[in-house]
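Next comes coords_34.cif, a file with mmCIF, C-alpha atoms.
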data_data
loop_
_atom_site.label_atom_id
_atom_site.label_comp_id
_atom_site.auth_asym_id
_atom_site.auth_seq_id
_atom_site.Cartn_x
_atom_site.Cartn_y
_atom_site.Cartn_z
CA MET V 1265 0.00 0.00 0.00
CA PRO V 1266 1.20 3.55 -0.67
CA SER V 1267 2.80 5.39 2.19
CA ARG V 1268 2.03 8.94 3.32
CA THR V 1269 4.26 11.23 5.31
CA PHE V 1270 3.52 13.81 8.02
CA SER V 1271 5.93 16.05 9.87
CA GLY V 1272 5.08 17.62 13.22
CA PRO V 1273 5.57 17.54 16.98
CA VAL V 1274 3.73 14.96 19.02
CA ASP V 1275 3.12 14.18 22.68
CA THR V 1276 3.17 10.85 24.43
CA VAL V 1277 0.10 8.63 24.77
CA PRO V 1278 0.06 4.93 25.76
CA PRO V 1279 -0.18 2.65 22.69
CA SER V 1280 -3.14 0.41 21.95
CA SER V 1281 -4.66 -1.60 19.12
CA THR V 1282 -7.05 1.19 18.20
CA SER V 1283 -5.32 4.45 19.00
CA PHE V 1284 -1.79 5.55 19.63
CA VAL V 1285 0.44 8.57 19.44
CA SER V 1286 4.04 8.31 18.33
CA SER V 1287 6.34 9.41 21.13
CA VAL V 1288 9.01 11.87 20.09
CA ALA V 1289 10.25 14.99 21.80
CA THR V 1290 10.98 17.07 18.71
CA MET V 1291 9.96 17.38 15.06
CA LYS V 1292 9.99 14.00 13.38
CA THR V 1293 8.80 12.50 10.09
CA LEU V 1294 6.21 9.76 10.42
CA SER V 1295 5.02 7.35 7.72
CA PHE V 1296 1.80 5.43 7.76
CA SER V 1297 -0.22 3.37 5.33
CA SER V 1298 -3.47 4.37 3.67
CA GLU V 1299 -5.29 1.99 6.01
CA VAL V 1300 -4.67 4.35 8.93
CA TYR V 1301 -6.36 7.72 9.34
CA VAL V 1302 -4.93 10.66 11.24
CA GLU V 1303 -6.36 13.53 13.26
CA ILE V 1304 -4.22 16.34 14.69
CA PHE V 1305 -5.01 18.26 17.89
CA VAL V 1306 -2.66 20.74 19.51
CA GLY V 1307 0.69 19.02 19.36
CA CYS V 1308 -0.59 15.44 19.08
CA VAL V 1309 -0.91 13.10 16.13
CA VAL V 1310 -3.58 10.45 16.76
CA PHE V 1311 -3.75 7.32 14.60
CA ILE V 1312 -6.96 5.32 14.44
CA LEU V 1313 -7.36 2.01 12.68
CA ALA V 1314 -9.59 2.27 9.62
CA SER V 1315 -12.14 -0.22 10.97
CA SER V 1316 -12.96 2.03 13.93
CA TRP V 1317 -12.58 5.28 12.03
CA ARG V 1318 -15.04 4.46 9.25
CA LYS V 1319 -17.84 4.32 11.79
CA ILE V 1320 -17.12 7.65 13.39
CA ARG V 1321 -15.22 9.78 10.85
CA ASN V 1322 -18.24 11.87 9.84
CA MET V 1323 -19.04 12.87 13.41
CA VAL V 1324 -15.90 12.94 15.47
CA HIS V 1325 -14.51 16.34 16.35
CA TRP V 1326 -11.36 15.81 18.38
CA SER V 1327 -11.02 18.37 21.15
CA PRO V 1328 -7.57 19.59 22.17
CA PHE V 1329 -5.92 18.77 25.45
CA VAL V 1330 -4.61 22.31 25.57
CA GLN V 1331 -2.36 22.99 28.52
CA SER V 1332 -0.59 26.20 29.49
CA PHE V 1333 1.90 26.22 32.33
CA LYS V 1334 1.74 29.92 33.15
CA LYS V 1335 -1.20 29.97 35.52
CA LYS V 1336 -3.30 27.88 37.86
CA TYR V 1337 -6.65 27.21 36.27
CA PRO V 1338 -10.00 27.65 37.99
CA TRP V 1339 -12.09 24.52 38.59
CA VAL V 1340 -15.41 23.70 40.13
CA GLN V 1341 -17.13 20.59 41.34
CA LEU V 1342 -20.88 20.37 41.13
CA ALA V 1343 -22.08 16.97 42.26
CA GLY V 1344 -20.97 16.82 45.86
CA HIS V 1345 -17.92 14.97 47.19
CA GLN V 1346 -16.59 18.11 48.89
CA GLY V 1347 -13.06 17.46 50.05
CA ASN V 1348 -12.31 14.93 47.30
CA PHE V 1349 -10.58 17.49 45.08
CA LYS V 1350 -7.54 19.73 45.37
CA ALA V 1351 -6.13 22.26 42.96
CA GLY V 1352 -3.09 20.86 41.20
CA GLU V 1353 -0.23 22.53 39.36
CA TYR V 1354 0.27 23.29 35.70
CA GLY V 1355 -3.34 23.01 34.60
CA THR V 1356 -4.30 19.96 36.64
CA ILE V 1357 -6.63 18.96 39.45
CA LEU V 1358 -6.15 16.26 42.04
CA LYS V 1359 -8.92 13.83 42.94
CA LYS V 1360 -8.77 11.45 45.88
CA TYR V 1361 -7.36 8.14 44.77
CA CYS V 1362 -9.91 5.48 43.84
CA PRO V 1363 -8.48 2.22 42.43
CA LYS V 1364 -11.35 1.68 39.99
CA GLU V 1365 -11.20 5.22 38.67
CA GLN V 1366 -7.42 5.18 38.31
CA THR V 1367 -7.58 1.88 36.42
CA ALA V 1368 -10.35 3.16 34.14
CA LEU V 1369 -8.59 6.45 33.35
CA SER V 1370 -5.33 4.68 32.65
CA SER V 1371 -7.04 2.25 30.26
CA LEU V 1372 -9.03 4.99 28.56
CA MET V 1373 -5.84 6.81 27.59
CA SER V 1374 -5.28 4.07 24.98
CA ASP V 1375 -8.91 3.78 23.85
CA VAL V 1376 -10.68 5.68 21.07
CA LEU V 1377 -12.57 7.52 23.84
CA ARG V 1378 -9.42 9.33 24.94
CA PRO V 1379 -10.33 12.73 23.41
CA TYR V 1380 -13.49 12.80 25.54
CA ILE V 1381 -11.82 11.99 28.87
CA PRO V 1382 -9.76 14.24 31.17
CA GLU V 1383 -6.13 13.55 30.41
CA TYR V 1384 -4.78 11.18 33.07
CA LYS V 1385 -1.43 12.29 34.47
CA GLY V 1386 -0.66 9.61 37.03
CA ILE V 1387 -0.78 9.34 40.82
CA VAL V 1388 0.67 11.91 43.21
CA GLU V 1389 0.88 12.14 47.00
CA ARG V 1390 -0.04 15.12 49.16
CA ASN V 1391 0.40 14.92 52.93
CA SER V 1392 0.74 11.13 52.72
CA GLU V 1393 -2.55 10.82 50.82
CA LYS V 1394 -2.77 9.52 47.26
CA TYR V 1395 -4.51 11.47 44.48
CA VAL V 1396 -5.24 10.89 40.82
CA GLN V 1397 -3.83 13.79 38.82
CA MET V 1398 -5.79 14.80 35.75
CA GLN V 1399 -6.38 17.61 33.30
CA ASP V 1400 -8.33 20.65 34.50
CA LEU V 1401 -11.09 20.76 31.91
CA LEU V 1402 -11.97 24.38 32.69
CA GLY V 1403 -8.50 25.77 32.14
CA GLU V 1404 -9.03 27.17 28.65
CA PHE V 1405 -12.43 28.72 29.33
CA ASP V 1406 -13.15 32.31 30.31
CA ASN V 1407 -15.44 32.38 33.36
CA PRO V 1408 -17.19 29.18 32.29
CA SER V 1409 -20.70 27.88 32.83
CA VAL V 1410 -20.70 24.22 33.88
CA MET V 1411 -23.36 21.49 34.05
CA ASP V 1412 -23.01 17.95 35.42
CA CYS V 1413 -25.39 15.27 34.08
CA LYS V 1414 -25.27 11.78 35.59
CA MET V 1415 -25.70 9.14 32.90
CA GLY V 1416 -27.55 5.83 32.92
CA THR V 1417 -30.76 4.35 34.23
CA ARG V 1418 -28.98 2.85 37.23
CA THR V 1419 -26.57 4.53 39.67
CA TYR V 1420 -25.59 1.52 41.82
CA LEU V 1421 -23.54 -1.56 41.03
CA GLU V 1422 -25.10 -5.00 41.06
CA GLU V 1423 -22.56 -6.00 43.70
CA GLU V 1424 -23.85 -3.17 45.92
CA LEU V 1425 -27.34 -4.62 45.65
CA MET V 1426 -26.13 -8.08 46.61
CA LYS V 1427 -24.14 -6.77 49.56
CA ALA V 1428 -27.13 -4.79 50.80
CA ARG V 1429 -29.24 -7.95 50.78
CA GLU V 1430 -26.61 -10.02 52.55
CA LYS V 1431 -25.74 -7.38 55.15
CA PRO V 1432 -28.36 -4.66 55.11
CA LYS V 1433 -27.09 -1.45 56.65
CA LEU V 1434 -29.65 1.13 57.68
CA ARG V 1435 -28.76 4.70 56.73
CA LYS V 1436 -30.31 7.52 58.71
CA ASP V 1437 -28.59 10.13 56.51
CA MET V 1438 -30.26 8.80 53.37
CA TYR V 1439 -33.61 8.67 55.13
CA GLN V 1440 -33.19 12.38 55.93
CA LYS V 1441 -32.33 13.14 52.29
CA MET V 1442 -35.45 11.28 51.19
CA ILE V 1443 -37.90 13.07 53.47
CA GLU V 1444 -36.38 16.45 52.59
CA ILE V 1445 -37.51 15.84 49.01
CA ASP V 1446 -40.73 13.95 49.73
CA PRO V 1447 -41.91 13.37 53.34
CA ASN V 1448 -44.38 10.75 52.08
CA ALA V 1449 -41.81 8.63 50.24
CA PRO V 1450 -40.74 6.30 53.10
CA THR V 1451 -42.81 3.23 53.92
CA GLU V 1452 -44.34 2.91 57.39
CA GLU V 1453 -41.56 0.53 58.38
CA GLU V 1454 -38.92 3.01 57.19
CA LYS V 1455 -40.65 5.82 59.08
CA ASN V 1456 -40.58 3.77 62.26
CA ARG V 1457 -36.87 3.03 61.79
CA GLN V 1458 -36.13 6.50 60.42
CA ALA V 1459 -33.56 4.82 58.22
CA ILE V 1460 -33.31 3.10 54.83
CA ILE V 1461 -30.76 0.95 53.01
CA LYS V 1462 -28.61 2.55 50.31
CA PRO V 1463 -29.98 0.69 47.23
CA ARG V 1464 -33.54 1.62 48.27
CA TYR V 1465 -32.54 5.29 48.38
CA MET V 1466 -30.67 5.13 45.07
CA GLN V 1467 -33.54 3.37 43.28
CA TRP V 1468 -35.97 5.93 44.66
CA ARG V 1469 -33.68 8.76 43.46
CA GLU V 1470 -33.71 7.30 39.98
CA TYR V 1471 -37.50 7.24 39.82
CA VAL V 1472 -38.08 10.64 41.41
CA SER V 1473 -35.68 12.18 38.86
CA SER V 1474 -35.31 11.57 35.13
CA SER V 1475 -32.77 8.73 35.48
CA ALA V 1476 -35.27 5.85 35.30
CA THR V 1477 -37.31 7.29 32.42
CA LEU V 1478 -34.77 9.23 30.33
CA GLY V 1479 -31.52 7.52 31.32
CA PHE V 1480 -29.83 10.65 32.69
CA ARG V 1481 -30.41 13.42 35.20
CA ILE V 1482 -29.06 16.90 35.89
CA GLU V 1483 -26.90 16.93 39.02
CA GLY V 1484 -25.92 20.58 39.14
CA VAL V 1485 -25.36 23.82 37.24
CA LYS V 1486 -22.90 26.64 37.84
CA LYS V 1487 -23.24 29.57 35.45
CA GLY V 1488 -20.60 32.09 34.57
CA ASP V 1489 -22.69 34.86 36.12
CA GLY V 1490 -22.31 33.22 39.52
CA HIS V 1491 -25.68 31.45 39.65
CA SER V 1492 -25.30 27.97 41.09
CA SER V 1493 -27.92 25.29 41.68
CA ARG V 1494 -28.17 21.63 42.60
CA ASP V 1495 -31.94 21.80 42.98
CA PHE V 1496 -32.71 19.28 40.23
CA LYS V 1497 -33.62 16.25 42.34
CA THR V 1498 -37.23 16.20 41.05
CA THR V 1499 -36.48 17.49 37.54
CA LYS V 1500 -38.02 14.58 35.68
CA THR V 1501 -39.99 15.39 32.52
CA ARG V 1502 -38.66 16.26 29.07
CA ASP V 1503 -40.17 19.72 29.36
CA GLN V 1504 -38.43 20.32 32.70
CA ILE V 1505 -35.11 19.09 31.32
CA SER V 1506 -35.51 21.21 28.19
CA GLU V 1507 -36.23 24.30 30.28
CA SER V 1508 -33.14 23.60 32.39
CA PHE V 1509 -30.94 23.16 29.31
CA ASN V 1510 -32.24 26.44 27.86
CA PHE V 1511 -31.51 28.21 31.16
CA PHE V 1512 -28.00 26.75 31.18
CA VAL V 1513 -27.11 28.03 27.69
CA ASP V 1514 -29.00 31.34 28.16
CA GLY V 1515 -30.90 30.67 24.96
CA GLY V 1516 -27.66 30.44 22.99
CA ALA V 1517 -28.33 28.53 19.77
CA GLU V 1518 -24.64 28.44 18.81
CA VAL V 1519 -23.62 26.78 22.08
CA GLN V 1520 -26.57 24.39 21.74
CA ALA V 1521 -25.39 23.36 18.25
CA ARG V 1522 -21.85 22.75 19.48
CA TYR V 1523 -23.11 20.60 22.33
CA ILE V 1524 -25.22 18.53 19.93
CA ARG V 1525 -22.25 17.93 17.61
CA ARG V 1526 -20.05 16.94 20.50
CA LEU V 1527 -22.67 14.58 21.98
CA LYS V 1528 -23.15 12.86 18.62
CA ALA V 1529 -19.39 12.43 18.33
CA ILE V 1530 -19.23 10.94 21.82
CA ARG V 1531 -22.08 8.55 21.00
CA ALA V 1532 -20.43 7.36 17.78
CA THR V 1533 -17.12 6.84 19.56
CA LEU V 1534 -18.75 5.00 22.46
CA GLU V 1535 -20.31 2.59 19.97
CA ALA V 1536 -16.83 1.90 18.54
CA SER V 1537 -15.02 1.67 21.88
CA PRO V 1538 -13.71 -1.72 23.06
CA PHE V 1539 -13.42 -0.33 26.61
CA PHE V 1540 -17.06 0.78 26.69
CA SER V 1541 -18.45 -2.51 25.38
CA ASN V 1542 -16.57 -4.44 28.07
CA HIS V 1543 -17.42 -2.30 31.09
CA GLU V 1544 -20.36 -1.52 33.31
CA VAL V 1545 -20.33 2.30 33.52
CA ILE V 1546 -22.20 3.35 36.66
CA GLY V 1547 -22.40 6.80 38.22
CA SER V 1548 -20.43 8.45 35.42
CA SER V 1549 -21.31 11.97 34.26
CA LEU V 1550 -21.10 14.18 31.22
CA LEU V 1551 -19.59 17.56 32.05
CA PHE V 1552 -20.81 20.44 29.87
CA VAL V 1553 -18.66 23.57 29.73
CA HIS V 1554 -19.08 26.80 27.75
CA ASP V 1555 -18.20 30.44 28.16
CA ARG V 1556 -19.25 33.87 26.88
CA THR V 1557 -16.99 33.58 23.83
CA GLY V 1558 -19.15 30.72 22.53
CA LYS V 1559 -16.54 28.04 23.18
CA ALA V 1560 -18.28 24.84 24.29
CA CYS V 1561 -17.30 21.25 25.01
CA VAL V 1562 -18.47 18.06 26.75
CA TRP V 1563 -16.39 15.43 28.53
CA MET V 1564 -17.02 12.10 30.21
CA ILE V 1565 -16.02 12.20 33.90
CA ASP V 1566 -16.30 10.18 37.14
CA PHE V 1567 -15.30 6.54 36.73
CA GLY V 1568 -15.22 5.40 40.35
CA LYS V 1569 -17.87 2.74 39.68
CA THR V 1570 -16.72 1.71 36.21
CA THR V 1571 -16.21 -2.05 36.40
CA PRO V 1572 -15.01 -4.67 33.89
CA LEU V 1573 -17.75 -7.07 32.86
CA PRO V 1574 -17.51 -10.78 33.67
CA ASP V 1575 -15.89 -12.94 31.03
CA SER V 1576 -18.08 -13.54 27.95
CA PHE V 1577 -20.26 -10.50 28.78
CA THR V 1578 -20.62 -7.41 26.62
CA ASN V 1579 -22.98 -4.46 27.10
CA ASP V 1580 -24.87 -2.57 24.42
CA HIS V 1581 -25.80 0.07 27.07
CA ARG V 1582 -29.34 0.37 25.69
CA THR V 1583 -30.98 -2.89 26.78
CA PRO V 1584 -33.17 -2.42 29.88
CA TRP V 1585 -31.47 -3.58 33.04
CA VAL V 1586 -32.53 -6.77 34.79
CA GLU V 1587 -30.42 -8.08 37.60
CA GLY V 1588 -27.57 -10.14 36.22
CA ASN V 1589 -27.26 -8.57 32.75
CA HIS V 1590 -25.05 -5.66 33.96
CA GLU V 1591 -26.66 -3.19 31.56
CA ASP V 1592 -26.43 0.44 32.66
CA GLY V 1593 -28.56 2.38 30.14
CA TYR V 1594 -25.77 4.84 29.32
CA LEU V 1595 -26.38 4.95 25.55
CA TYR V 1596 -30.14 4.92 26.07
CA GLY V 1597 -29.69 8.05 28.19
CA LEU V 1598 -27.38 9.64 25.65
CA ASP V 1599 -29.95 8.99 22.89
CA GLN V 1600 -32.63 10.71 24.96
CA MET V 1601 -30.33 13.60 25.86
CA ILE V 1602 -29.41 14.27 22.22
CA GLN V 1603 -33.10 14.25 21.34
CA VAL V 1604 -33.91 16.80 24.06
CA TRP V 1605 -31.05 19.07 22.97
CA THR V 1606 -32.04 18.72 19.31
CA GLU V 1607 -35.72 19.52 19.90
CA LEU V 1608 -34.91 22.44 22.20
CA GLU V 1609 -36.08 25.78 20.82
CA THR V 1610 -33.73 28.16 22.59
CA THR V 1611 -35.16 31.39 23.95
CA LYS V 1612 -33.55 33.99 26.18
CA PRO V 1613 -34.63 33.15 29.75
CA ALA V 1614 -36.60 35.79 31.60
CA SER V 1615 -34.35 37.72 33.97
#
Encoding of this model in C-alpha cells:
Amino acid sequence: MPSRTFSGPVDTVPPSSTSFVSSVATMKTLSFSSEVYVEIFVGCVVFILASSWRKIRNMVHWSPFVQSFKKKYPWVQLAGHQGNFKAGEYGTILKKYCPKEQTALSSLMSDVLRPYIPEYKGIVERNSEKYVQMQDLLGEFDNPSVMDCKMGTRTYLEEELMKAREKPKLRKDMYQKMIEIDPNAPTEEEKNRQAIIKPRYMQWREYVSSSATLGFRIEGVKKGDGHSSRDFKTTKTRDQISESFNFFVDGGAEVQARYIRRLKAIRATLEASPFFSNHEVIGSSLLFVHDRTGKACVWMIDFGKTTPLPDSFTNDHRTPWVEGNHEDGYLYGLDQMIQVWTELETTKPAS
C-alpha cells in the first residue's frame, strides 16, 4: 500500500490496538499506510485504525488537550464529594485516589474515547494521601458555565445490591435526604426506623428524577454569572429538562449546536469503543462547559464505579437492566439527551 508522510511535533500517549500517538520529543517524520487515518489536535498526532474510524469519521470532532503552564486554572465541582478534590499545578486537578477510577482512566488513555476523557497524568501524594492527577477541563475557558449530568438508568452496582441484601445497613442520613424531598416517600416501616438501606434510596432517586425514564439526570449547574444550583432532584420530565438546558445556555443557539455535535461524536465513539463494550459504567457523568466567547465542550467524567464485565459479557448500554445482565442504560440516556437538545427551541430566559 502507498505510504504517506507527516511532519510535526507529538506528545506521548500509551499505545493500543485502536489508537496511539508516536512518542518523540521534537519534530519528526512519520510514515503510515493508507489503512490508517490521522487527526491532529494541539501538538498530538492520533492514529486510528480504519475499521474504527469508518464508523465515526463523519461525526468525530477531536477536542484539544490544551495545557498552558503559566497559571493555575479555575475549577469547580458540582455533584458533591466536597473534600475529594484539590487544585493541582500546571493546569491539573487532584482527585482522591480510587483504584477503579485510576484503572479506568489509565485504560481509557489508549482507547478511542481518549479525546473525551480528562487527560490522566498519574498518581501523586499530598500529605501522605494519594490522588489521581488529571487535566483541569476548565482551564481554557473564560469564566465558564458548567453542568453535570449523571448518565444511565442505574446509579448503583449490582454487587452493591447483593451486599445490601446479605448485610443490610440502615442509613439515617439517606432517610433524611429522602424526606427532605418527599416526606411521604418512606414506607411505614422506614418511618418507624427512620432509616433506609442505600440501594432503596438510590432506586428511589432514579425514579423521582429523570434517570429511570430518560436515562440521565441533571446533578448541578454553575453559570458564569455566579448562579449555582443543585436543585434538580425532582427534575423529571422532558419539558423540565428542556427548560433547564435552555436556562444553562442562556438561549444560545450556537452553544446548543456545538453541544449537539459533541454529543453525537461521543455517542459514535462509544459505539466503537472496546473499553465501553466491556465495562459496566455506573455513576459516570457528562460535564458540559461553555463560556461567553461561545466556546463549548463536553467530557465524560467520574469513573469510580466503572467495572469490567464478567468474562463472555458485553454491554450494548441500551438494553433495559434486569439483575444479572449488567446493563447500565448509558447509551439509552445519551440517545434521549441528544433528542432533548435537538428539539430544544432556545429562547432567552426571563431575567
- Query: Hey, what's within 8 Å of range 1414-1417 of chain V if we count only C-alpha atoms and toss same-chain stuff fewer than 5 positions away? As an MDAnalysis selection string, please?
  - Reply: chainID V and resid 1470 1475:1483 1546:1550 1592:1598
- Task: Report the distance between CA of Asp1503 in chain V and CA of Val1562 in chain V in Å, rounded to one decimal place.
- Result: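 Those two atoms sit 21.9 Å apart.
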- Task: Taking (-19.3, 24.8, 24.5) in the file's own coordinates, collect the residues within 10 Å, counting all atoms listed in the file, and hand them back as a list in words.
- Result: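 Neighbouring residues, ordered by chain and number, come to Phe1405, Pro1408, Ser1409, Val1410, Val1513, Glu1518, Val1519, Gln1520, Ala1521, Arg1522, Tyr1523, Ile1524, Arg1526, Phe1552, Val1553, His1554, Asp1555, Arg1556, Thr1557, Gly1558, Lys1559, Ala1560, Cys1561 and Val1562 of chain V.
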- Restricting the calculation to all atoms listed in the file, which member of V:Thr1451, V:Thr1498, V:Leu1551, V:Cys1362 is positioned closest to Pro1382 in chain V?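 Checking each candidate against Pro1382 in chain V, we get V:Leu1551 as the closest.
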- Could you expand the PyMOL selection byres ((chain V and resi 1463) around 12) into the explicit residues it covers here, written as a PyMOL selection string? chain V and resi 1418-1429+1432-1435+1438-1439+1460-1462+1464-1470
- Message: For a quick check of understanding, using only C-alpha atoms, which of V:Asp1580, V:Asn1456, V:Asp1514, V:Thr1611 has the smallest distance to Ala1536 in chain V?
- Response: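 Closest candidate: V:Asp1580.
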- Item | Option closest in space to Thr1571 in chain V, from V:Glu1591, V:Asp1599, V:Asp1406, V:Glu1544 [counting only C-alpha atoms] | V:Glu1544
Residues selected by the PyMOL selection byres ((chain V and resi 1576) around 12), written as a JSON list (two decimals) with C-alpha atoms, in the frame of the given file:
[["chain", "number", "residue", "atom", "x", "y", "z"],
["V", 1541, "SER", "CA", -18.45, -2.51, 25.38],
["V", 1542, "ASN", "CA", -16.57, -4.44, 28.07],
["V", 1543, "HIS", "CA", -17.42, -2.30, 31.09],
["V", 1572, "PRO", "CA", -15.01, -4.67, 33.89],
["V", 1573, "LEU", "CA", -17.75, -7.07, 32.86],
["V", 1574, "PRO", "CA", -17.51, -10.78, 33.67],
["V", 1575, "ASP", "CA", -15.89, -12.94, 31.03],
["V", 1577, "PHE", "CA", -20.26, -10.50, 28.78],
["V", 1578, "THR", "CA", -20.62, -7.41, 26.62],
["V", 1579, "ASN", "CA", -22.98, -4.46, 27.10],
["V", 1589, "ASN", "CA", -27.26, -8.57, 32.75]]
- Task: For each of V:Asp1566, V:Asp1446, V:Glu1535, V:Glu1607, take the minimum atom-to-atom distance to Arg1502 in chain V, counting only C-alpha atoms, then give the residue where this is smallest.
- Result: V:Glu1607
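On the file presented, the PyMOL selection byres ((chain V and resi 1361) around 8) picks out Lys1359, Lys1360, Cys1362, Pro1363, Glu1365, Gln1366, Ile1387, Lys1394, Tyr1395 and Val1396 of chain V.
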- Query: So what do you get for CA of Glu1430 in chain V versus CA of Val1472 in chain V, distance-wise?
  - Reply: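 Separation between CA of Glu1430 in chain V and CA of Val1472 in chain V: 26.1 Å.
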- Task: For CA of Pro1379 in chain V and CA of Leu1402 in chain V, quote the distance in Å rounded to one decimal.
- Result: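 Here the two named atoms are 15.0 Å from each other.
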- Message: Within 8 Å of (-24.7, 32.8, 33.6) in the file's own coordinates, which protein, DNA or RNA residues have an atom, counting only C-alpha atoms? List them as a PyMOL selection string.
- Response: chain V and resi 1409+1486-1491+1512-1514
If I only want range 1567-1578 of chain V, can you write it with N, CA, C and O atoms, as a short mmCIF file (atom, residue, chain, number, x, y, z; two decimals), in the first residue's frame?
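Writing the result to selection_13.cif gives the following:
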data_model
loop_
_atom_site.label_atom_id
_atom_site.label_comp_id
_atom_site.auth_asym_id
_atom_site.auth_seq_id
_atom_site.Cartn_x
_atom_site.Cartn_y
_atom_site.Cartn_z
N PHE V 1567 -15.35 7.96 37.07
CA PHE V 1567 -15.30 6.54 36.73
C PHE V 1567 -15.05 5.65 37.95
O PHE V 1567 -14.53 4.54 37.83
N GLY V 1568 -15.45 6.15 39.12
CA GLY V 1568 -15.22 5.40 40.35
C GLY V 1568 -16.02 4.11 40.47
O GLY V 1568 -15.68 3.25 41.28
N LYS V 1569 -17.08 3.98 39.67
CA LYS V 1569 -17.87 2.74 39.68
C LYS V 1569 -17.84 2.03 38.33
O LYS V 1569 -18.70 1.21 38.04
N THR V 1570 -16.87 2.37 37.51
CA THR V 1570 -16.72 1.71 36.21
C THR V 1570 -16.00 0.38 36.41
O THR V 1570 -14.86 0.34 36.90
N THR V 1571 -16.67 -0.71 36.04
CA THR V 1571 -16.21 -2.05 36.40
C THR V 1571 -16.15 -2.95 35.17
O THR V 1571 -17.10 -2.97 34.37
N PRO V 1572 -15.06 -3.71 35.00
CA PRO V 1572 -15.01 -4.67 33.89
C PRO V 1572 -16.14 -5.70 34.00
O PRO V 1572 -16.48 -6.14 35.10
N LEU V 1573 -16.70 -6.06 32.87
CA LEU V 1573 -17.75 -7.07 32.86
C LEU V 1573 -17.17 -8.46 33.06
O LEU V 1573 -15.99 -8.70 32.76
N PRO V 1574 -17.98 -9.39 33.58
CA PRO V 1574 -17.51 -10.78 33.67
C PRO V 1574 -17.14 -11.32 32.30
O PRO V 1574 -17.60 -10.82 31.27
N ASP V 1575 -16.29 -12.31 32.29
CA ASP V 1575 -15.89 -12.94 31.03
C ASP V 1575 -17.12 -13.37 30.23
O ASP V 1575 -18.10 -13.84 30.79
N SER V 1576 -17.04 -13.18 28.93
CA SER V 1576 -18.08 -13.54 27.95
C SER V 1576 -19.24 -12.55 27.92
O SER V 1576 -20.15 -12.69 27.12
N PHE V 1577 -19.22 -11.52 28.79
CA PHE V 1577 -20.26 -10.50 28.78
C PHE V 1577 -19.83 -9.31 27.93
O PHE V 1577 -18.66 -8.93 27.90
N THR V 1578 -20.79 -8.73 27.23
CA THR V 1578 -20.62 -7.41 26.62
C THR V 1578 -21.91 -6.64 26.85
O THR V 1578 -22.99 -7.24 26.97
#
